[in-house]
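Here is the structure we will look at, set down as C-alpha cells.
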Amino acid sequence: MTNNLTSQETRSCHARGEAISKNGRPIIRFEELPRDVLYTIVSKLPPKEFARTSILSSEWRCMWSACPRLTFDGVAVCKCDRAELHQHTEKFIHEVNAVLQKHHGMVVETLEVRIDFVDSLLVHHLNDWVAFAMSSRTKNLTLDLKPKKFWEYNDRYVFPFKLLDNGSISRLQHMQLSFVSLKPPSRFRGFPNLRKLHIQSLHVSNKDLEHVLSHCCNLVWLRIDRCDLNDELTVDGSLSHLLYLHVECCKLTKIKFHAVSLATFQYEGAFVPIDLSHSSKLQNAYIQLNEAVFQHVLTSLLVGLPNVQNLTLRIHWQHLEKQWLWDNPRKFSHLRHLQLFMFSHPKDVDKVLYSVSFLRATPFIEKLEVHFTGFHLWLANVGPRRQDFGHCKYNYLKNMCITGFKAARGQVEFLLHVVENAPALENVTINTNQQASKERWPYGGSGPPFEEAKRIAITSLSVALPQNVKFCVI
Amino acid sequence: MAAEKGEKGAAAKEVAGERMVTLESSDGEEFHMSEAAAQLSTLLRHVIEGGGIDNGIPLPKVAARTLEKVIMYCEKHAKAAAKSDSDPSAAAGSSSDNTAAASEDLEKWDRKLVNGLSQDALFDLIVAADYLVIDGLLDATCRKVADMMKGKTPDEIRKIFNILNDFTKEEEEEMRREYAWAFDD
C-alpha cells in the first residue's frame, strides 16, 4: 500500500511539469484549473463521458471518485428532440438505472434528473432515484419534471417524503422541484440546511408551503414560479438569511415574507398585496403587474416595500386615476432610483400628469427614468397643467431620463414640473423613441412626428433648464 | 440627432451619464468599463460597493488580452439586460418569441466569442471568469471546453489538453473494466 502511494506521488510530480509558452508565460494546463471549475466543465458532459474522464490521469481519477455529479437530461441521454422525448421514457429509465447502479454505496453530491413527467411509469423509478439520493448523501437535488406543454397535464409527481430521514433532510442544500406535488407529513420540520430552492409548477396547499418555507431557516435564494396556490402565501417564519426572492406567475392573493436581509425582490403576476415591510435592507425590487391602477399600486408598495432603494415598476395594462390627492404621510425614504414603465391607454392620455403626484412620496430620489408607451400620446394636447398640482421639492434629483417622449401635454408638464422643482438636477435626457416596446404607428403617411416632438422638447425645456444642466434630446 | 446644451466633455468617470470603472490588468494596461457591466462580476460589485474604485482596480491575475474579452462580454450582457428590462413582450404569464429570440442571439454571440479563442486564451478566460466571479462567462467558457471533450476518446482528450497519462497499461485496463458501463458505446 505504501509503495503504491509513493510511486503515485512520483508519477504526479513528473506529470506536473511546467509548460512554457512562446512568450515565456506558463500555459495553464487543464489540471491547474481550480477544482470547482473543473467540476463545472465536466458536469456539462453527459454522464458516461464524465465517468470516462476518470481514466485520463490519476489526478482526474481522484476528482471523479471524490465527488461525482450525476446529471441526467432526457434530451441528452436519449439523443432526441424535446418533442419526441415522451417516446423514449423507457430508454431514459434504463440508462439512469445503469449509471446509478455503478454508484451504489458512493457519495453522490449532485443528482439532477430532467425528464417530462407524462408517463406514470416514471413514478416507481423516481422514487428509487430519490431513495438513492438520500442514501448517497446528496446535497443538490434537481427533479425537473415539467413537460414543455405543462398546462396540458394534470398529474404531478408526488414527492416521497416517507423516503427521507432526518439525516438526508439535513444534508440537502440546493433543490429544484418542478412539476411535483408536495404533501409534507404533519411533523415535517423543513429542510434546515437548504440554501437555494426553486419550485415550479407545484401542486401544494398554501398552508403546507408556508409551513415548509418557514422552517427552512438557512434559505438564501428562493424562486417560486407557476405555483397556483389560489390563496395567500404568508411565510411567518423568520428567513433571516434570505437575500433573493423571486415570485413569478403564481396565482396568489397575497404575499408576505419575514426576511430582514432581503436584498432583491422580483415579482411578475397579478396585483396583490405584497408585504415585505420587515425587509429594511431591500435594495432592488422589480415588479411587473398584469393590470392595475397606477396610484393604487404605489400606495400598496409604500406599505409593503417602504425601504426599497431601486424600484422598477411595469404595469402591462395600466390605468390612471384622475386625482391629485396624495395625503399619504408615508414615504419611500430610501428610494434613490425609480424606473417606471408608463403604458397609456387612449382614455388615459389626459391623465398622464396625475401620475406625477407619486413623487411626493420619493423625497430622496436621485435618478428617475420614465418609459412611455402608446401612440395616442403623440402631440396630445389634453389634460391639466402643472400649476394645478402645485409645488414639491426634489432636492436630490440629479438625473432624469424619459423615453417615448411624444410631446403630449401631460409629458411636457411632467418634465417642466420636475425641472422646476429639482435644484440639484445635472442631467436630462429626452428620447422620442419608444424603448419600452415596439413603436406602433397605424396612420401611415410619413410616420410619427419625431421632429416636432424634439422641437417641442427643446423649446419647452431650454428656457426652464439652468445653464449647468446637461440636456440631451434624441 | 442630439441637441446638446450645457457642459461639454463629461468627466472621465462619467460618459453620457454612465459611471465608468477603471481596471488595471496584470501587465499594467488600463481599461475602462461601465459600472453596469462591472456589476456582472460579483467581485467587482463588492469592490464598487465598498467604495474602493477611485484610483482604479488592480487585477494582478488578469492579463490585458483576457481583460479585453471580459469587458466585451460584460458590456454586451449588461446592454442586453437593460434592453430586456424594457421589453414589453416579456409579459407576465407567457414567454414570447421576442425574448426567446433575444436570448438566442445572446447565446450565439457568446459561442462566437469563445469559439474564436485559442486554447491558451480560453483557459486564461476561464481563470479570469472564475476569479472575477462572472457566472455567465464561466458557464459559456466551460461549456466550450466540455464541447471540445465530447465524443473524444481519452487519448484524444489527453492530446488536446496536454494531460499526461500516468497510469500503467494494466491500471488503465482495470479501470476500463470497472467503468465498463461508461465505455460501452
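If you're wondering about the labels, chains in the C-alpha cells are A, B, ... by order shown, residues count from 1 in each chain, ligands from 1 in order shown.
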Considering only C-alpha atoms, extract the chain A residues located within 7 Å of chain B and return them as JSON, numbers by chain.
{"A": [11, 15, 27, 28, 30, 40, 41, 42, 44, 45, 48, 49, 51, 52, 53, 55, 56, 57, 58, 249, 268, 269, 290, 435, 436, 437, 467, 468, 469, 470, 471, 472, 473, 474]}
